[in-house]
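Quick notes on the structure that follows.
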Amino acid sequence: MAYIVERPRGDGQFTYQVKWRAGGARSGKGESEKFGDRPSAETFKKLVDAHGQQWPHGWVKGQGFVEQPAAPEDMPFQKWAERYIDRLAGIDDRPREDYRRERRLHFPSSSTPSRPQQRPRVAYG
């Protein structure tokens with residue numbers, strides 16, 4: 001289990017250090033992260049506990065959760081899927097339109113309004 005150590009600073013304030021052993025084992029490597037306030041340390045401690053005594057996915061030591069920069073060739077999934085469907089070879093127009101419909105239903109774009117799907121009612125015996 002992760003735990004918090006309150007460390008006094010020279011200016012009278014405190015630093016809160018979250019400490020744990022990687023994987024939760026005694027032989028695991030000691031890990032730690034520092035915070036300037038207790039609520040942030042408590043939140044991070046819960047994240048470490050929830051991730052099995054490992055660094056939370058996407059957390060960068062000393063920086064927190066850092067968004068990865070987008071790759072120059074990166075594109076939204078909807079655009080990629082449409083391009084893929086356009087490039088499919090050996091299919092007629094009907095299956096191509098079916099693929100487009102499925103893409104719209106399951107992966108709506110931000111410009112396509114999302115409507116709740118109504119399921120048909122089935123009467124049982």
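Residue numbering restarts at 1 for every chain of the structure tokens, chains are lettered A, B, ... in their displayed order, and ligands are numbered from 1 as they appear.
Residues lying within 7 Å of A:Glu33, counting only C-alpha atoms and ignoring same-chain neighbours fewer than 3 positions away, are A:Gln17, A:Val18, A:Lys19, A:Lys61, A:Gly62.
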> Among chain A, which residues carry a DSSP assignment of alpha helix (DSSP H), reported as a PyMOL selection string?
Replying inline: chain A and resi 38-50+77-87+93-106
> Where in chain A does DSSP assign strand (DSSP E or B), given as number ranges by chain?
Replying inline: A: 3-8, 14-21, 30-35, 59-60, 64-65
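Of the residues under consideration (A:Lys79, A:Arg9, A:Arg94, A:Arg21), A:Arg21 shows the shortest atom-to-atom contact distance to A:Asp49 when counting only C-alpha atoms.
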Determine, counting only C-alpha atoms, which protein, DNA and RNA residues have an atom within 9 Å of an atom of A:Phe77; residues of the same chain fewer than 5 positions away are not included. Present the result as a PDB file with N, CA and C atoms, in the first residue's frame.
ATOM      1  N   GLU A  82     -13.212   6.491 -43.057  1.00  0.00           N
ATOM      2  CA  GLU A  82     -13.805   6.845 -44.356  1.00  0.00           C
ATOM      3  C   GLU A  82     -12.796   6.641 -45.486  1.00  0.00           C
ATOM      4  N   PHE A 107     -19.401   4.911 -34.526  1.00  0.00           N
ATOM      5  CA  PHE A 107     -18.378   5.910 -34.254  1.00  0.00           C
ATOM      6  C   PHE A 107     -18.819   7.246 -34.839  1.00  0.00           C
ATOM      7  N   SER A 109     -19.165  11.079 -35.682  1.00  0.00           N
ATOM      8  CA  SER A 109     -18.219  12.196 -35.617  1.00  0.00           C
ATOM      9  C   SER A 109     -18.827  13.285 -34.746  1.00  0.00           C
TER      10      SER A 109
END
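With distances taken over only C-alpha atoms, A:Gly64 is the one residue among A:Pro56, A:Pro76, A:Gly64, A:Gly12 lying closest to A:Phe35.
You will find atom CA of A:Gln78 at 24.7 Å from atom CA of A:Val66.
If only C-alpha atoms are the atoms counted, then among A:Tyr84, A:Ala25, A:Gly36, A:Gln63 the closest residue to A:Pro8 is A:Gly36.
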>> Need the shell around A:Trp55: protein/DNA/RNA residues with any atom at most 12 Å away, counting only C-alpha atoms. Skip same-chain ones fewer than 4 positions apart. Format as a PyMOL selection string?
In response: chain A and resi 2+18-24+29-33+44-51+59-62+64-65
> To one decimal place, how far is atom CA of A:Met75 from atom CA of A:Arg100 in Å?
Replying inline: 17.6 Å
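For the atom pair formed by atom CA of A:Thr15 and atom CA of A:Gly52, the distance is 24.1 Å, given to one decimal.
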